[in-house]
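**Q** Sharing data18.csv below, CSV, C-alpha atoms:
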```csv
chain,number,residue,atom,x,y,z
X,1049,MET,CA,58.0,14.6,32.6
X,1050,LEU,CA,57.5,10.8,33.0
X,1051,HIS,CA,55.9,11.5,36.4
X,1052,ALA,CA,53.4,13.9,34.8
X,1053,LEU,CA,52.7,11.4,32.0
X,1054,ALA,CA,52.0,8.6,34.5
X,1055,ALA,CA,49.7,10.9,36.5
X,1056,ARG,CA,47.8,11.7,33.4
X,1057,LEU,CA,47.4,8.1,32.4
X,1058,ARG,CA,46.1,7.2,35.9
X,1059,THR,CA,43.6,10.1,35.7
X,1060,GLU,CA,42.4,8.9,32.3
X,1061,TRP,CA,42.2,5.3,33.5
X,1062,ARG,CA,40.0,6.4,36.4
X,1063,ARG,CA,37.8,8.3,34.0
X,1064,LEU,CA,37.5,5.3,31.8
X,1065,ARG,CA,36.5,3.1,34.7
X,1066,ARG,CA,33.9,5.5,35.9
X,1067,ALA,CA,32.5,5.8,32.4
X,1068,ALA,CA,32.3,2.1,32.0
X,1069,ALA,CA,30.7,1.6,35.4
X,1070,SER,CA,28.0,4.1,34.4
X,1071,LEU,CA,26.9,2.2,31.3
X,1072,ASP,CA,23.7,0.2,31.4
X,1073,GLY,CA,24.6,-3.4,31.0
X,1074,GLN,CA,21.6,-4.5,29.0
X,1075,THR,CA,21.7,-1.7,26.5
X,1076,THR,CA,25.5,-2.1,26.0
X,1077,PHE,CA,25.1,-5.8,25.5
X,1078,VAL,CA,22.2,-5.4,23.0
X,1079,LEU,CA,23.7,-2.8,20.8
X,1080,THR,CA,27.1,-4.5,20.7
X,1081,ALA,CA,25.5,-7.9,20.1
X,1082,ALA,CA,23.3,-6.6,17.3
X,1083,ALA,CA,26.4,-5.2,15.5
X,1084,VAL,CA,28.2,-8.5,15.9
X,1085,LEU,CA,25.2,-10.5,14.7
X,1086,VAL,CA,24.9,-8.5,11.6
X,1087,VAL,CA,28.5,-9.0,10.7
X,1088,LEU,CA,28.2,-12.7,11.4
X,1089,GLN,CA,25.1,-12.9,9.2
X,1090,VAL,CA,27.0,-11.3,6.3
X,1091,ILE,CA,30.0,-13.6,6.7
X,1092,LEU,CA,28.4,-16.9,7.7
X,1093,GLY,CA,25.2,-16.4,5.7
X,1094,ASP,CA,27.0,-15.8,2.5
X,1095,ARG,CA,25.6,-18.1,-0.2
X,1096,GLY,CA,29.0,-18.2,-1.9
X,1097,LEU,CA,30.4,-19.7,1.3
X,1098,PHE,CA,27.7,-22.4,1.2
X,1099,ARG,CA,28.3,-23.2,-2.4
X,1100,THR,CA,32.1,-23.5,-1.8
X,1101,HIS,CA,32.1,-25.5,1.4
X,1102,LEU,CA,28.8,-27.1,2.1
X,1103,ALA,CA,26.8,-27.7,-1.1
X,1104,GLY,CA,28.6,-30.9,-1.7
X,1105,PHE,CA,26.8,-32.5,1.3
X,1106,VAL,CA,23.4,-31.8,-0.4
X,1107,PRO,CA,22.0,-33.8,-3.4
X,1108,ARG,CA,22.7,-31.9,-6.6
X,1109,SER,CA,19.0,-31.4,-7.4
X,1110,TRP,CA,18.5,-29.6,-4.1
X,1111,GLN,CA,21.7,-27.5,-4.0
X,1112,GLY,CA,20.1,-24.4,-5.5
X,1113,LEU,CA,17.3,-24.3,-3.0
X,1114,ALA,CA,19.7,-25.2,-0.1
X,1115,THR,CA,21.9,-22.2,-1.1
X,1116,TRP,CA,19.0,-19.8,-0.5
X,1117,GLY,CA,17.9,-21.8,2.5
X,1118,TRP,CA,21.3,-21.3,4.1
X,1119,TRP,CA,21.1,-17.6,3.7
X,1120,PHE,CA,17.5,-17.5,5.0
X,1121,GLY,CA,18.3,-19.9,7.8
X,1122,MET,CA,21.3,-17.9,9.1
X,1123,GLN,CA,19.3,-14.8,9.2
X,1124,GLY,CA,16.6,-16.5,11.2
X,1125,LEU,CA,19.1,-18.1,13.5
X,1126,LEU,CA,21.3,-15.0,14.1
X,1127,GLY,CA,18.5,-12.5,14.0
X,1128,PHE,CA,15.8,-14.3,16.0
X,1129,VAL,CA,16.9,-17.4,17.9
X,1130,VAL,CA,20.3,-16.2,19.2
X,1131,PRO,CA,19.2,-12.7,20.3
X,1132,ALA,CA,15.9,-13.9,21.8
X,1133,VAL,CA,17.6,-16.6,23.8
X,1134,ALA,CA,20.3,-14.3,25.0
X,1135,LEU,CA,17.9,-11.5,26.0
X,1136,ARG,CA,15.6,-13.8,27.8
X,1137,ALA,CA,18.4,-15.7,29.6
X,1138,PHE,CA,20.4,-12.7,30.8
X,1139,PHE,CA,18.0,-9.8,31.3
X,1140,ALA,CA,14.3,-10.6,31.0
X,1141,SER,CA,12.0,-12.5,33.2
X,1142,THR,CA,9.0,-12.8,30.8
X,1143,LEU,CA,8.6,-13.1,27.0
X,1144,ASP,CA,6.6,-9.8,27.0
X,1145,GLU,CA,9.7,-8.0,28.1
X,1146,ILE,CA,11.6,-9.1,24.9
X,1147,GLY,CA,8.7,-8.5,22.5
X,1148,LEU,CA,7.6,-12.1,22.1
X,1149,GLY,CA,4.3,-11.9,24.0
X,1150,ARG,CA,0.9,-11.5,22.4
X,1151,GLY,CA,0.8,-7.8,23.3
X,1152,GLU,CA,-2.2,-5.8,22.0
X,1153,TRP,CA,-3.1,-8.6,19.6
X,1154,ARG,CA,-6.6,-7.3,18.8
X,1155,PHE,CA,-5.1,-3.9,17.6
X,1156,ALA,CA,-2.4,-5.8,15.7
X,1157,SER,CA,-5.0,-7.9,14.0
X,1158,ILE,CA,-7.0,-4.9,12.8
X,1159,VAL,CA,-3.8,-3.3,11.4
X,1160,ALA,CA,-2.9,-6.5,9.6
X,1161,ALA,CA,-6.5,-6.9,8.2
X,1162,LEU,CA,-6.4,-3.4,6.8
X,1163,TYR,CA,-2.9,-3.5,5.5
X,1164,LEU,CA,-2.6,-6.9,3.8
X,1165,PRO,CA,-5.3,-6.5,1.2
X,1166,VAL,CA,-3.6,-3.2,0.1
X,1167,VAL,CA,-0.3,-5.1,-0.2
X,1168,ALA,CA,-2.0,-7.9,-2.1
X,1169,VAL,CA,-3.4,-5.5,-4.7
X,1170,GLY,CA,-0.2,-3.5,-5.0
X,1171,THR,CA,2.0,-6.6,-5.5
X,1172,TRP,CA,-0.6,-8.0,-8.0
X,1173,VAL,CA,-0.1,-4.9,-10.1
X,1174,LEU,CA,3.7,-4.9,-9.8
X,1175,SER,CA,3.8,-8.6,-10.8
X,1176,ASP,CA,2.5,-7.7,-14.3
X,1177,GLY,CA,5.9,-6.3,-15.2
X,1178,ALA,CA,8.4,-8.5,-16.9
X,1179,ALA,CA,11.3,-7.1,-14.8
X,1180,PHE,CA,9.6,-8.3,-11.7
X,1181,GLN,CA,8.8,-11.7,-13.1
X,1182,GLU,CA,12.5,-12.1,-14.0
X,1183,GLN,CA,13.5,-11.2,-10.4
X,1184,TYR,CA,10.9,-12.9,-8.2
X,1185,PRO,CA,11.0,-15.4,-6.7
X,1186,HIS,CA,14.8,-15.0,-6.4
X,1187,TYR,CA,15.1,-18.8,-6.8
X,1188,GLN,CA,13.4,-19.2,-10.2
X,1189,PRO,CA,12.9,-23.0,-10.2
X,1190,ALA,CA,10.4,-22.3,-7.4
X,1191,THR,CA,8.0,-21.1,-10.2
X,1192,ARG,CA,7.9,-24.5,-11.8
X,1193,ASP,CA,7.4,-26.8,-8.7
X,1194,TRP,CA,4.9,-26.0,-6.0
X,1195,THR,CA,6.7,-28.2,-3.5
X,1196,VAL,CA,9.9,-26.2,-4.0
X,1197,PHE,CA,8.0,-23.0,-4.0
X,1198,PHE,CA,6.4,-23.6,-0.5
X,1199,ILE,CA,9.7,-24.9,1.0
X,1200,TYR,CA,11.4,-21.7,-0.4
X,1201,GLU,CA,8.7,-19.5,1.1
X,1202,ALA,CA,8.7,-21.2,4.5
X,1203,LEU,CA,12.5,-20.6,4.7
X,1204,PHE,CA,11.9,-17.1,3.5
X,1205,LEU,CA,9.4,-16.5,6.3
X,1206,PHE,CA,12.0,-17.6,8.8
X,1207,TYR,CA,14.4,-15.1,7.3
X,1208,TRP,CA,11.8,-12.3,7.9
X,1209,VAL,CA,11.3,-13.4,11.5
X,1210,GLY,CA,15.0,-13.0,12.0
X,1211,TRP,CA,15.3,-9.7,10.2
X,1212,GLU,CA,12.4,-8.2,12.0
X,1213,TYR,CA,13.2,-9.5,15.5
X,1214,LEU,CA,16.8,-8.2,15.4
X,1215,TRP,CA,15.6,-4.6,15.1
X,1216,ARG,CA,11.9,-4.5,16.2
X,1217,GLY,CA,12.4,-7.0,19.0
X,1218,PHE,CA,16.0,-7.3,20.3
X,1219,VAL,CA,17.1,-3.7,19.8
X,1220,LEU,CA,13.8,-2.0,20.4
X,1221,PHE,CA,12.8,-3.9,23.6
X,1222,GLY,CA,16.4,-4.4,24.6
X,1223,THR,CA,17.2,-0.7,24.7
X,1224,ALA,CA,13.7,0.5,25.9
X,1225,PRO,CA,14.7,0.5,29.6
X,1226,THR,CA,17.4,3.1,28.8
X,1227,PHE,CA,16.0,5.1,25.9
X,1228,GLY,CA,12.2,4.7,26.5
X,1229,LEU,CA,10.2,5.9,23.5
X,1230,SER,CA,13.4,7.0,21.7
X,1231,ALA,CA,14.3,3.3,21.3
X,1232,ILE,CA,12.0,3.5,18.2
X,1233,PHE,CA,14.6,5.8,16.5
X,1234,VAL,CA,17.5,3.8,17.8
X,1235,GLN,CA,16.3,0.6,16.1
X,1236,ALA,CA,15.5,2.6,12.9
X,1237,LEU,CA,19.1,3.8,12.4
X,1238,PRO,CA,20.8,0.5,11.7
X,1239,PHE,CA,17.8,-0.7,9.7
X,1240,ALA,CA,18.1,2.3,7.4
X,1241,ALA,CA,21.9,1.9,7.2
X,1242,LEU,CA,21.4,-1.7,5.8
X,1243,HIS,CA,19.4,-0.3,3.0
X,1244,VAL,CA,22.0,2.2,1.6
X,1245,ALA,CA,22.9,-0.1,-1.3
X,1246,LYS,CA,19.3,-0.2,-2.4
X,1247,PRO,CA,17.8,2.2,-5.1
X,1248,TRP,CA,17.6,5.6,-3.5
X,1249,PRO,CA,13.8,5.7,-3.2
X,1250,GLU,CA,13.8,2.5,-1.3
X,1251,ALA,CA,16.8,3.6,0.8
X,1252,LEU,CA,15.0,6.8,1.8
X,1253,LEU,CA,11.7,5.0,2.5
X,1254,SER,CA,13.5,2.6,4.8
X,1255,VAL,CA,14.0,5.5,7.2
X,1256,VAL,CA,10.3,6.2,7.3
X,1257,GLY,CA,9.4,2.5,7.2
X,1258,GLY,CA,11.8,1.7,10.1
X,1259,ILE,CA,10.3,4.4,12.3
X,1260,ALA,CA,6.8,3.4,11.4
X,1261,LEU,CA,7.3,-0.3,12.0
X,1262,GLY,CA,9.1,0.5,15.3
X,1263,ALA,CA,6.2,2.7,16.4
X,1264,LEU,CA,3.7,0.0,15.5
X,1265,VAL,CA,5.5,-2.6,17.4
X,1266,TRP,CA,5.9,-0.3,20.3
X,1267,ARG,CA,2.1,0.3,20.2
X,1268,CYS,CA,1.3,-3.4,20.0
X,1269,ARG,CA,3.9,-4.3,22.6
X,1270,SER,CA,4.9,-7.3,20.5
X,1271,PHE,CA,7.3,-7.7,17.5
X,1272,TRP,CA,5.1,-10.3,15.8
X,1273,ILE,CA,3.0,-7.7,13.9
X,1274,ALA,CA,6.1,-6.6,12.0
X,1275,VAL,CA,6.5,-10.0,10.4
X,1276,PRO,CA,3.4,-10.0,8.2
X,1277,ILE,CA,3.6,-6.3,7.6
X,1278,HIS,CA,7.1,-6.6,6.1
X,1279,ALA,CA,7.2,-10.2,4.8
X,1280,ALA,CA,3.9,-10.0,2.9
X,1281,GLN,CA,5.3,-7.6,0.4
X,1282,MET,CA,7.9,-10.0,-0.9
X,1283,MET,CA,6.0,-13.2,-0.4
X,1284,LEU,CA,2.9,-12.1,-2.2
X,1285,LEU,CA,5.0,-10.7,-5.0
X,1286,ASP,CA,6.7,-14.1,-5.3
X,1287,LEU,CA,3.3,-15.8,-5.4
X,1288,TRP,CA,1.8,-13.5,-8.1
X,1289,CYS,CA,5.0,-13.7,-10.2
X,1290,ALA,CA,5.1,-17.5,-9.9
X,1291,LEU,CA,1.4,-17.8,-10.9
X,1292,ARG,CA,1.9,-15.5,-13.9
X,1293,ILE,CA,4.9,-17.4,-15.1
X,1294,ARG,CA,3.1,-20.7,-14.8
X,1295,THR,CA,0.0,-19.5,-16.6
X,1296,GLY,CA,1.2,-16.8,-18.9
X,1297,VAL,CA,-1.5,-14.4,-17.8
X,1298,SER,CA,-0.9,-10.7,-18.1
X,1299,GLY,CA,-3.0,-7.7,-17.1
X,1300,ILE,CA,-4.1,-6.3,-13.8
X,1301,GLY,CA,-7.9,-6.1,-14.0
X,1302,PRO,CA,-10.4,-8.6,-12.5
X,1303,GLU,CA,-10.6,-10.5,-15.8
X,1304,ALA,CA,-6.9,-11.2,-15.7
X,1305,PHE,CA,-7.2,-12.3,-12.1
X,1306,LEU,CA,-10.0,-14.7,-12.8
X,1307,ASN,CA,-8.3,-15.9,-16.0
X,1308,LEU,CA,-5.2,-16.7,-14.0
X,1309,PHE,CA,-7.0,-19.1,-11.7
X,1310,ALA,CA,-9.0,-20.6,-14.5
X,1311,ARG,CA,-5.8,-21.5,-16.4
X,1312,LEU,CA,-4.3,-22.8,-13.2
X,1313,GLY,CA,-7.2,-25.1,-12.6
X,1314,GLY,CA,-7.2,-26.2,-16.2
```
As structure tokens, please, write out the structure in this file.
**A**
Amino acid sequence: MLHALAARLRTEWRRLRRAAASLDGQTTFVLTAAAVLVVLQVILGDRGLFRTHLAGFVPRSWQGLATWGWWFGMQGLLGFVVPAVALRAFFASTLDEIGLGRGEWRFASIVAALYLPVVAVGTWVLSDGAAFQEQYPHYQPATRDWTVFFIYEALFLFYWVGWEYLWRGFVLFGTAPTFGLSAIFVQALPFAALHVAKPWPEALLSVVGGIALGALVWRCRSFWIAVPIHAAQMMLLDLWCALRIRTGVSGIGPEAFLNLFARLGG
């Protein structure tokens, strides 16, 4: 009986070794690293961790902003800097191979030029709601000080670079040699999974949005187009809400828009 068990274990060990040897090294590394980086972002990027252990090193007047900056910065570091350096150092010979080249920049520019005005109008309309003004920007003191606002938004942009590159850069281009066009759907799966705690319409739309953004990046051959497409929604909403809070202007028509800037100038 022991002899049969030992033989079975040797057989299973040989099968395991053959299976491991057949794995593509780059794809295995990318998918494993992406999972680890997400976990690290949740743990190390936690704002509670910063408030408990690190806020004391920051002047009290800047602690609130620094708390958000910590979260944004960790996403940028672990979502963009670390995976981009690793993919370039271990597997790729050019920036184009990891999605950091210019790609089809003319096509990307046309898409952005058509999309951003639509987002600007849509977020302008949404910003008229009191619920949105209570929520955005997340760091409410940014509505009272333009210096704080622009620092907050610059950090927020770094967050979006990290969020987008992890999926539309690292995973998409990192697994493309193995999965080809199907890499678009590979990167959309974890992206959607990270939206499960959102309201159900947003969670479902994240499936469509993840595939659409992946397809756009694939077409453009560069992840950079995904940043303004995704980040503009939140950053413009922050801007409109901050302007409304500062001026007290309500309404969504042209008169309200002109009145907002008139009061701001006054």
**Q** List as number ranges by chain the protein and nucleic acid residues near range 1287-1298 of chain X, meaning an atom at most 10 Å away when all atoms listed in the file are counted, but skip any in the same chain fewer than 3 places from it.
**A** X: 1168, 1171-1178, 1180-1185, 1188-1194, 1197-1198, 1201, 1282-1284, 1301, 1303-1314
**Q** Export C-alpha atoms of the chosen residues as a compact mmCIF listing (two decimals), in the coordinates of the input?
**A**
```txt
# COMPACT_ATOMS: atom_id res chain seq x y z
CA ALA X 1168 -2.00 -7.90 -2.10
CA THR X 1171 2.00 -6.60 -5.50
CA TRP X 1172 -0.60 -8.00 -8.00
CA VAL X 1173 -0.10 -4.90 -10.10
CA LEU X 1174 3.70 -4.90 -9.80
CA SER X 1175 3.80 -8.60 -10.80
CA ASP X 1176 2.50 -7.70 -14.30
CA GLY X 1177 5.90 -6.30 -15.20
CA ALA X 1178 8.40 -8.50 -16.90
CA PHE X 1180 9.60 -8.30 -11.70
CA GLN X 1181 8.80 -11.70 -13.10
CA GLU X 1182 12.50 -12.10 -14.00
CA GLN X 1183 13.50 -11.20 -10.40
CA TYR X 1184 10.90 -12.90 -8.20
CA PRO X 1185 11.00 -15.40 -6.70
CA GLN X 1188 13.40 -19.20 -10.20
CA PRO X 1189 12.90 -23.00 -10.20
CA ALA X 1190 10.40 -22.30 -7.40
CA THR X 1191 8.00 -21.10 -10.20
CA ARG X 1192 7.90 -24.50 -11.80
CA ASP X 1193 7.40 -26.80 -8.70
CA TRP X 1194 4.90 -26.00 -6.00
CA PHE X 1197 8.00 -23.00 -4.00
CA PHE X 1198 6.40 -23.60 -0.50
CA GLU X 1201 8.70 -19.50 1.10
CA MET X 1282 7.90 -10.00 -0.90
CA MET X 1283 6.00 -13.20 -0.40
CA LEU X 1284 2.90 -12.10 -2.20
CA GLY X 1301 -7.90 -6.10 -14.00
CA GLU X 1303 -10.60 -10.50 -15.80
CA ALA X 1304 -6.90 -11.20 -15.70
CA PHE X 1305 -7.20 -12.30 -12.10
CA LEU X 1306 -10.00 -14.70 -12.80
CA ASN X 1307 -8.30 -15.90 -16.00
CA LEU X 1308 -5.20 -16.70 -14.00
CA PHE X 1309 -7.00 -19.10 -11.70
CA ALA X 1310 -9.00 -20.60 -14.50
CA ARG X 1311 -5.80 -21.50 -16.40
CA LEU X 1312 -4.30 -22.80 -13.20
CA GLY X 1313 -7.20 -25.10 -12.60
CA GLY X 1314 -7.20 -26.20 -16.20
```
**Q** Would you list the contacts of range 1140-1155 of chain X as a PyMOL selection string, taking every protein, DNA or RNA residue within 6 Å and counting all atoms listed in the file, but skipping same-chain residues closer than 2 positions in sequence?
**A** chain X and resi 1136+1157-1158+1217+1221+1268-1271
**Q** Distance table requested - range 1117-1226 of chain X against range 1103-1113 of chain X, cut-off 8 Å, all atoms listed in the file: one row per qualifying residue with the closest atom pair and its distance in Å to one decimal, ordered by chain and rising residue number, as JSON lines.
**A**
```
{"residue": "X:Gly1117", "atom": "CA", "partner": "X:Leu1113", "partner_atom": "CA", "distance": 6.1}
{"residue": "X:Tyr1187", "atom": "CA", "partner": "X:Leu1113", "partner_atom": "CA", "distance": 7.0}
{"residue": "X:Val1196", "atom": "CA", "partner": "X:Leu1113", "partner_atom": "CA", "distance": 7.7}
{"residue": "X:Tyr1200", "atom": "CA", "partner": "X:Leu1113", "partner_atom": "CA", "distance": 7.0}
```
**Q** Ranking X:Leu1253, X:Ala1067, X:Ala1156, X:Ala1224 by minimum distance to Ile1273 in chain X and counting all atoms listed in the file, which one comes first?
**A**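 Nearest to Ile1273 in chain X: X:Ala1156.
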**Q** Using all atoms listed in the file for the distances, tell me which of X:Thr1115, X:Ser1230, X:Ser1254, X:Gln1235 is nearest to Phe1218 in chain X.
**A**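 Nearest candidate to Phe1218 in chain X out of X:Thr1115, X:Ser1230, X:Ser1254, X:Gln1235: X:Gln1235.
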**Q** Nearest to Phe1128 in chain X: which of X:Ala1280, X:Ile1232, X:Val1275, X:Leu1092 is it, counting all atoms listed in the file?
**A** X:Val1275
**Q** Counting all atoms listed in the file, which residue out of X:Ala1083, X:Ala1263, X:Ala1202, X:Ala1055 sits closest to Ala1279 in chain X?
**A**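 Closest to Ala1279 in chain X of all the choices is X:Ala1202.
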**Q** Looking at X:Phe1120, X:Phe1227, X:Trp1061, X:Phe1233, which one is nearest to Val1209 in chain X, with distances taken over only C-alpha atoms?
**A**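 Using only C-alpha atoms, the shortest distance to Val1209 in chain X belongs to X:Phe1120.
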**Q** In Å to one decimal, how far is CA of Val1129 in chain X from CA of Phe1077 in chain X?
**A**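 CA of Val1129 in chain X lies at a distance of 16.1 Å from CA of Phe1077 in chain X.
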**Q** Work out how far CA of Trp1211 in chain X is from CA of Lys1246 in chain X, in Å to one decimal.
**A**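 If I compute the distance from CA of Lys1246 in chain X to CA of Trp1211 in chain X, I get 16.3 Å.
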**Q** Any idea what the distance is between CA of Leu1264 in chain X and CA of Val1159 in chain X?
**A**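 CA of Val1159 in chain X lies 9.2 Å from CA of Leu1264 in chain X.
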